[in-house]
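Source file: input22.txt. Holds: compact mmCIF, C-alpha atoms.
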# COMPACT_ATOMS: atom_id res chain seq x y z
CA MET M 1010 0.00 0.00 0.00
CA LYS M 1011 2.95 2.34 0.49
CA SER M 1012 4.30 2.96 -2.98
CA PRO M 1013 0.96 4.12 -4.47
CA ILE M 1014 0.70 6.72 -1.75
CA LEU M 1015 4.16 8.02 -2.38
CA SER M 1016 3.52 8.33 -6.09
CA LEU M 1017 0.24 10.14 -5.48
CA LEU M 1018 1.49 12.54 -2.86
CA SER M 1019 4.20 14.89 -3.90
CA LEU M 1020 2.90 16.50 -0.75
CA ALA M 1021 5.81 18.73 -0.19
CA THR M 1022 5.36 20.52 -3.48
CA LEU M 1023 1.64 20.59 -3.14
CA LEU M 1024 1.85 22.20 0.22
CA LEU M 1025 4.51 24.48 -0.98
CA THR M 1026 2.61 25.69 -3.98
CA THR M 1027 0.07 26.45 -1.38
CA GLU M 1028 2.45 28.57 0.51
CA CYS M 1029 1.96 30.91 -2.40
CA ALA M 1030 -0.81 32.71 -0.64
CA ARG M 1031 0.13 34.42 2.52
CA THR M 1032 0.96 37.71 4.05
CA THR M 1033 0.92 38.08 7.74
CA GLU M 1034 0.05 35.59 10.39
CA ALA M 1035 -3.61 36.25 9.74
CA GLU M 1036 -3.37 34.91 6.23
CA ARG M 1037 -4.01 31.28 5.57
CA PRO M 1038 -3.71 28.87 2.62
CA VAL M 1039 -6.31 28.19 0.03
CA THR M 1040 -6.28 24.48 -0.45
CA SER M 1041 -8.53 23.70 -3.34
CA ALA M 1042 -6.86 26.42 -5.33
CA ALA M 1043 -3.53 24.80 -4.61
CA ARG M 1044 -4.29 21.60 -6.46
CA ASN M 1045 -1.30 21.81 -8.77
CA VAL M 1046 0.09 19.75 -11.58
CA GLY M 1047 1.09 16.38 -10.26
CA ARG M 1048 -1.14 16.92 -7.24
CA GLU M 1049 1.89 17.74 -5.22
CA THR M 1050 0.34 19.06 -2.06
CA ALA M 1051 -2.82 20.96 -1.57
CA ILE M 1052 -2.08 24.04 0.44
CA ALA M 1053 -1.98 27.50 -0.98
CA ARG M 1054 -1.59 30.50 1.21
CA ALA M 1055 -2.66 34.05 0.82
CA ALA M 1056 0.54 35.95 0.93
CA ASP M 1057 0.86 39.50 -0.18
CA THR M 1058 -1.55 41.42 1.91
CA ALA M 1059 -0.54 44.14 4.27
CA GLY M 1060 3.12 44.99 4.48
CA THR M 1061 4.50 41.48 4.03
CA ALA M 1062 4.15 41.23 0.30
CA SER M 1063 5.64 37.95 -0.82
CA THR M 1064 4.40 34.74 -2.26
CA ILE M 1065 5.38 31.63 -0.49
CA VAL M 1066 5.42 28.14 -1.69
CA SER M 1067 2.66 26.84 0.34
CA ALA M 1068 2.83 28.76 3.44
CA SER M 1069 0.57 29.61 6.22
CA VAL M 1070 -2.06 32.26 6.14
CA ALA M 1071 -5.72 32.60 6.67
CA PRO M 1072 -7.51 32.10 3.41
CA THR M 1073 -7.70 35.32 1.56
CA SER M 1074 -9.81 36.37 -1.36
CA PRO M 1075 -9.48 34.71 -4.78
CA THR M 1076 -8.24 38.01 -6.11
CA THR M 1077 -5.33 38.01 -3.71
CA VAL M 1078 -4.45 34.44 -4.61
CA GLU M 1079 -4.60 35.15 -8.33
CA ALA M 1080 -2.35 38.15 -7.92
CA ALA M 1081 0.18 36.03 -6.06
CA ALA M 1082 0.04 33.37 -8.74
CA ARG M 1083 0.94 35.90 -11.43
CA LYS M 1084 4.26 36.74 -9.83
CA THR M 1085 7.40 35.85 -11.75
CA THR M 1086 10.90 34.80 -10.77
CA THR M 1087 11.92 38.41 -11.34
CA ASP M 1088 9.27 39.59 -8.87
CA TYR M 1089 10.50 37.23 -6.17
CA LYS M 1090 14.11 38.23 -6.70
CA ALA M 1091 13.07 41.87 -6.42
CA GLU M 1092 11.31 41.12 -3.12
CA ILE M 1093 14.49 39.48 -1.85
CA ARG M 1094 16.56 42.52 -2.79
CA SER M 1095 14.09 44.84 -1.07
CA ALA M 1096 14.11 42.70 2.06
CA ASP M 1097 17.92 42.58 1.98
CA ALA M 1098 18.03 46.38 1.94
CA ILE M 1099 15.68 46.63 4.91
CA LEU M 1100 17.55 43.96 6.87
CA LYS M 1101 20.86 45.68 6.25
CA SER M 1102 19.72 48.65 8.31
CA THR M 1103 17.32 46.79 10.62
CA PRO M 1104 18.49 43.17 10.95
CA ARG M 1105 15.70 42.32 13.39
CA ASN M 1106 12.86 43.28 11.07
CA PHE M 1107 10.41 40.38 11.34
CA ASP M 1108 8.30 41.32 8.32
CA ALA M 1109 11.33 41.62 6.05
CA LEU M 1110 12.59 38.22 7.17
CA LEU M 1111 9.18 36.68 6.53
CA THR M 1112 8.89 38.29 3.12
CA ARG M 1113 12.35 37.13 2.10
CA ALA M 1114 11.69 33.62 3.38
CA LYS M 1115 8.50 33.38 1.34
CA ALA M 1116 10.20 34.62 -1.81
CA LYS M 1117 13.08 32.18 -1.37
CA SER M 1118 10.60 29.39 -0.79
CA HIS M 1119 8.80 30.19 -4.00
CA LEU M 1120 12.14 30.13 -5.81
CA LYS M 1121 12.71 26.65 -4.32
CA ASP M 1122 15.55 27.85 -2.14
CA TYR M 1123 14.09 25.92 0.76
CA ALA M 1124 17.17 25.66 2.97
CA ASP M 1125 17.78 29.43 2.89
CA ALA M 1126 14.08 30.05 3.42
CA ILE M 1127 14.19 27.90 6.54
CA ALA M 1128 17.16 29.91 7.82
CA ASP M 1129 15.07 33.09 7.49
CA TYR M 1130 12.11 31.45 9.22
CA ASN M 1131 14.47 30.41 12.02
CA ALA M 1132 15.58 34.02 12.41
CA ALA M 1133 11.99 35.27 12.28
CA LEU M 1134 10.92 32.80 14.96
CA ARG M 1135 13.73 33.93 17.24
CA LEU M 1136 12.09 37.35 17.09
CA LYS M 1137 8.51 36.08 17.39
CA PRO M 1138 8.56 32.57 18.86
CA THR M 1139 4.78 32.31 18.94
CA ASN M 1140 4.13 33.25 15.31
CA ALA M 1141 1.89 30.56 13.82
CA GLU M 1142 2.45 31.64 10.23
CA ALA M 1143 6.23 31.27 10.42
CA TYR M 1144 5.91 27.80 11.94
CA TYR M 1145 3.45 26.77 9.26
CA ASN M 1146 5.63 28.05 6.45
CA ARG M 1147 8.78 26.51 7.86
CA GLY M 1148 6.91 23.23 8.16
CA LEU M 1149 6.03 23.38 4.47
CA ASN M 1150 9.64 23.98 3.49
CA ARG M 1151 10.78 21.13 5.69
CA LEU M 1152 8.18 18.93 4.08
CA LYS M 1153 9.58 19.83 0.69
CA LEU M 1154 13.01 18.76 1.90
CA LYS M 1155 11.53 15.48 3.18
CA GLN M 1156 12.24 16.47 6.77
CA TYR M 1157 9.01 14.90 7.89
CA SER M 1158 9.43 14.76 11.66
CA PRO M 1159 10.57 18.40 11.91
CA SER M 1160 7.71 19.46 9.63
CA ILE M 1161 5.23 17.69 11.89
CA SER M 1162 6.73 19.54 14.86
CA ASP M 1163 6.31 22.86 13.05
CA PHE M 1164 2.70 22.17 12.08
CA THR M 1165 2.00 21.17 15.67
CA LYS M 1166 3.36 24.52 16.89
CA ALA M 1167 1.36 26.35 14.24
CA ILE M 1168 -1.75 24.63 15.59
CA LYS M 1169 -0.78 25.51 19.16
CA TYR M 1170 -0.70 29.22 18.33
CA ASN M 1171 -3.59 29.13 15.87
CA PRO M 1172 -5.92 26.21 16.70
CA GLU M 1173 -8.36 27.20 13.94
CA ASP M 1174 -5.89 26.73 11.11
CA LYS M 1175 -7.29 23.92 8.99
CA GLU M 1176 -4.24 24.00 6.72
CA ALA M 1177 -1.87 23.26 9.58
CA TYR M 1178 -3.89 20.17 10.45
CA PHE M 1179 -3.91 19.18 6.80
CA GLY M 1180 -0.16 19.75 6.51
CA ARG M 1181 0.55 17.65 9.58
CA GLY M 1182 -1.64 14.87 8.25
CA ALA M 1183 0.14 15.01 4.89
CA ALA M 1184 3.55 14.74 6.57
CA LYS M 1185 2.37 11.74 8.56
CA MET M 1186 1.19 10.10 5.35
CA GLN M 1187 4.66 10.53 3.88
CA MET M 1188 5.91 8.53 6.85
CA PHE M 1189 3.21 5.90 6.19
CA ASN M 1190 1.61 6.81 9.50
CA PHE M 1191 -1.86 6.72 7.97
CA LYS M 1192 -3.77 5.91 11.14
CA SER M 1193 -2.30 8.92 12.92
CA ALA M 1194 -2.97 11.17 9.92
CA ILE M 1195 -6.71 10.50 9.94
CA PRO M 1196 -7.51 12.59 13.08
CA ASP M 1197 -5.69 15.56 11.54
CA PHE M 1198 -7.79 15.41 8.37
CA THR M 1199 -10.89 14.93 10.53
CA LYS M 1200 -10.05 18.10 12.48
CA ALA M 1201 -9.47 20.00 9.25
CA LEU M 1202 -12.91 18.87 8.10
CA ALA M 1203 -14.45 19.97 11.39
CA LEU M 1204 -13.13 23.43 10.59
CA ASP M 1205 -14.21 23.29 6.93
CA SER M 1206 -16.81 20.70 5.94
CA ASN M 1207 -16.17 21.38 2.24
CA TYR M 1208 -12.43 20.77 2.38
CA ALA M 1209 -12.09 18.47 -0.63
CA ASP M 1210 -8.41 17.72 -0.15
CA ALA M 1211 -8.94 16.63 3.45
CA TYR M 1212 -11.68 14.22 2.36
CA GLU M 1213 -9.44 12.87 -0.35
CA TYR M 1214 -6.35 12.37 1.79
CA ARG M 1215 -8.37 10.92 4.65
CA GLY M 1216 -9.96 8.53 2.18
CA ILE M 1217 -6.55 7.43 0.93
CA SER M 1218 -5.44 6.95 4.53
CA TYR M 1219 -8.50 4.81 5.26
CA SER M 1220 -7.76 2.74 2.19
CA SER M 1221 -4.19 2.25 3.38
CA ILE M 1222 -5.33 0.78 6.71
CA ASN M 1223 -7.89 -1.46 5.04
CA LYS M 1224 -11.08 0.45 5.79
CA PRO M 1225 -12.69 0.35 2.33
CA ASN M 1226 -16.13 1.61 3.33
CA GLU M 1227 -14.77 4.72 5.03
CA ALA M 1228 -12.34 5.24 2.17
CA ARG M 1229 -15.09 5.08 -0.44
CA ALA M 1230 -17.34 7.49 1.45
CA ASP M 1231 -14.56 10.08 1.79
CA LEU M 1232 -13.34 9.74 -1.78
CA GLU M 1233 -16.85 10.02 -3.19
CA LYS M 1234 -17.34 13.21 -1.18
CA ALA M 1235 -13.98 14.53 -2.36
CA ALA M 1236 -14.90 13.84 -5.99
CA GLN M 1237 -18.22 15.66 -5.53
CA LEU M 1238 -16.38 18.71 -4.23
CA ASN M 1239 -13.47 18.51 -6.67
CA PRO M 1240 -13.68 16.46 -9.89
CA ASP M 1241 -9.89 15.99 -9.86
CA ALA M 1242 -10.31 13.68 -6.88
CA ALA M 1243 -12.09 11.17 -9.12
CA LYS M 1244 -8.66 9.74 -9.93
CA SER M 1245 -8.13 8.85 -6.30
CA LEU M 1246 -11.66 7.47 -6.10
CA ARG M 1247 -10.90 5.08 -8.95
CA ARG M 1248 -7.51 4.15 -7.61
CA TYR M 1249 -8.28 3.67 -3.96
CA ALA M 1250 -11.96 2.72 -3.97
CA GLY M 1251 -12.22 0.95 -7.32
CA LYS M 1252 -14.82 3.36 -8.72

Encoded form using structure tokens:
Amino acid sequence: MKSPILSLLSLATLLLTTECARTTEAERPVTSAARNVGRETAIARAADTAGTASTIVSASVAPTSPTTVEAAARKTTTDYKAEIRSADAILKSTPRNFDALLTRAKAKSHLKDYADAIADYNAALRLKPTNAEAYYNRGLNRLKLKQYSPSISDFTKAIKYNPEDKEAYFGRGAAKMQMFNFKSAIPDFTKALALDSNYADAYEYRGISYSSINKPNEARADLEKAAQLNPDAAKSLRRYAGK
């Protein structure tokens, strides 16, 4: 049961393309919108609101408006490099500027410079050790680097400081799936669904987890619901529930 899951979940990328939508700690990912090519990891974040303009890979933020997400999606490599230069200039004169560190981390993350992005998130968290957004975003970057246990720790801290963040629960569940800990992932997807009953990705990934622990009835019910909410999930329905 393990290899099919791995091939289906390029979770790190999925989550990271989700990071693309976030600004300040109030901003959260837009999952369904983050269903990228290859179904890498469903978690998009609304970056670029307020003063922290920067698109992350799949970071943490409270869902923002579709307009904000679209604007973030239109950014180019040149835009992200410009954001990094601007943040560099600010940090040169004020090295402890949290917003500049967060902006630069998000831009680096979007440019797939995950290790350097994590270094900036580390610095940001030294300044604000209870910032849920920074923990969420660092968790996504760690997931991309296949650092599954540390990513789970980050998502757990994001949840501690923002218990209503459905994307943090989803991210933690996704990381557990990558470790084949399907049974433990199910409660995280269930909590995400308690926060958003129309969360298609959570239904889908919970359904896959149920299938992986030999609970076909539960798997079918979740995958059918996921397919109703998002037609792309029909592939998982066929693969994991034989429909």

Point (-1.2, 24.9, 12.7), cut-off 10 Å, counting all atoms listed in the file, residues as a compact mmCIF listing (two decimals) with C-alpha atoms, in the frame of the given file:
# COMPACT_ATOMS: atom_id res chain seq x y z
CA ARG M 1037 -4.01 31.28 5.57
CA SER M 1069 0.57 29.61 6.22
CA VAL M 1070 -2.06 32.26 6.14
CA ALA M 1141 1.89 30.56 13.82
CA GLU M 1142 2.45 31.64 10.23
CA TYR M 1144 5.91 27.80 11.94
CA TYR M 1145 3.45 26.77 9.26
CA ASN M 1146 5.63 28.05 6.45
CA GLY M 1148 6.91 23.23 8.16
CA ILE M 1161 5.23 17.69 11.89
CA SER M 1162 6.73 19.54 14.86
CA ASP M 1163 6.31 22.86 13.05
CA PHE M 1164 2.70 22.17 12.08
CA THR M 1165 2.00 21.17 15.67
CA LYS M 1166 3.36 24.52 16.89
CA ALA M 1167 1.36 26.35 14.24
CA ILE M 1168 -1.75 24.63 15.59
CA LYS M 1169 -0.78 25.51 19.16
CA TYR M 1170 -0.70 29.22 18.33
CA ASN M 1171 -3.59 29.13 15.87
CA PRO M 1172 -5.92 26.21 16.70
CA GLU M 1173 -8.36 27.20 13.94
CA ASP M 1174 -5.89 26.73 11.11
CA LYS M 1175 -7.29 23.92 8.99
CA GLU M 1176 -4.24 24.00 6.72
CA ALA M 1177 -1.87 23.26 9.58
CA TYR M 1178 -3.89 20.17 10.45
CA PHE M 1179 -3.91 19.18 6.80
CA GLY M 1180 -0.16 19.75 6.51
CA ARG M 1181 0.55 17.65 9.58

- Point-to-point distance in Å for CA of Ala1250 in chain M and CA of Arg1229 in chain M: 5.3 Å

- Find the residues around range 1089-1105 of chain M up to 7 Å (only C-alpha atoms counted), leave out those fewer than 5 positions away in its own chain, and share them as a count of residues only. 5

- Query: Suppose you want the space between CA of Ala1132 in chain M and CA of Gln1156 in chain M; what is it in Å?
  - Reply: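 Separation of CA of Ala1132 in chain M and CA of Gln1156 in chain M: 18.7 Å.
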
- Task: Do a neighbour search on Lys1224 in chain M at 12 Å with only C-alpha atoms, toss out local chain neighbours closer than 6 positions, and write the hits as a ChimeraX atom specification.
- Result: /M:1191-1192,1195,1215-1218,1230-1231,1249-1250

Mind giving me the axis-aligned box for range 1130-1139 of chain M with 3 Å on every side, centre plus edges in Å to one decimal, as lines of an AutoDock Vina configuration file?
center_x = 10.2
center_y = 33.9
center_z = 14.1
size_x = 16.8
size_y = 12.9
size_z = 15.7

- Out of M:Asn1106, M:Asp1088, M:Lys1121, M:Tyr1212, which residue has the shortest atom-to-atom distance to Lys1200 in chain M when counting only C-alpha atoms?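 Checking each of M:Asn1106, M:Asp1088, M:Lys1121, M:Tyr1212 against Lys1200 in chain M, counting only C-alpha atoms, the winner is M:Tyr1212.
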
- Point-to-point distance in Å for CA of Ala1228 in chain M and CA of Arg1151 in chain M: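 CA of Arg1151 in chain M sits 28.3 Å away from CA of Ala1228 in chain M.
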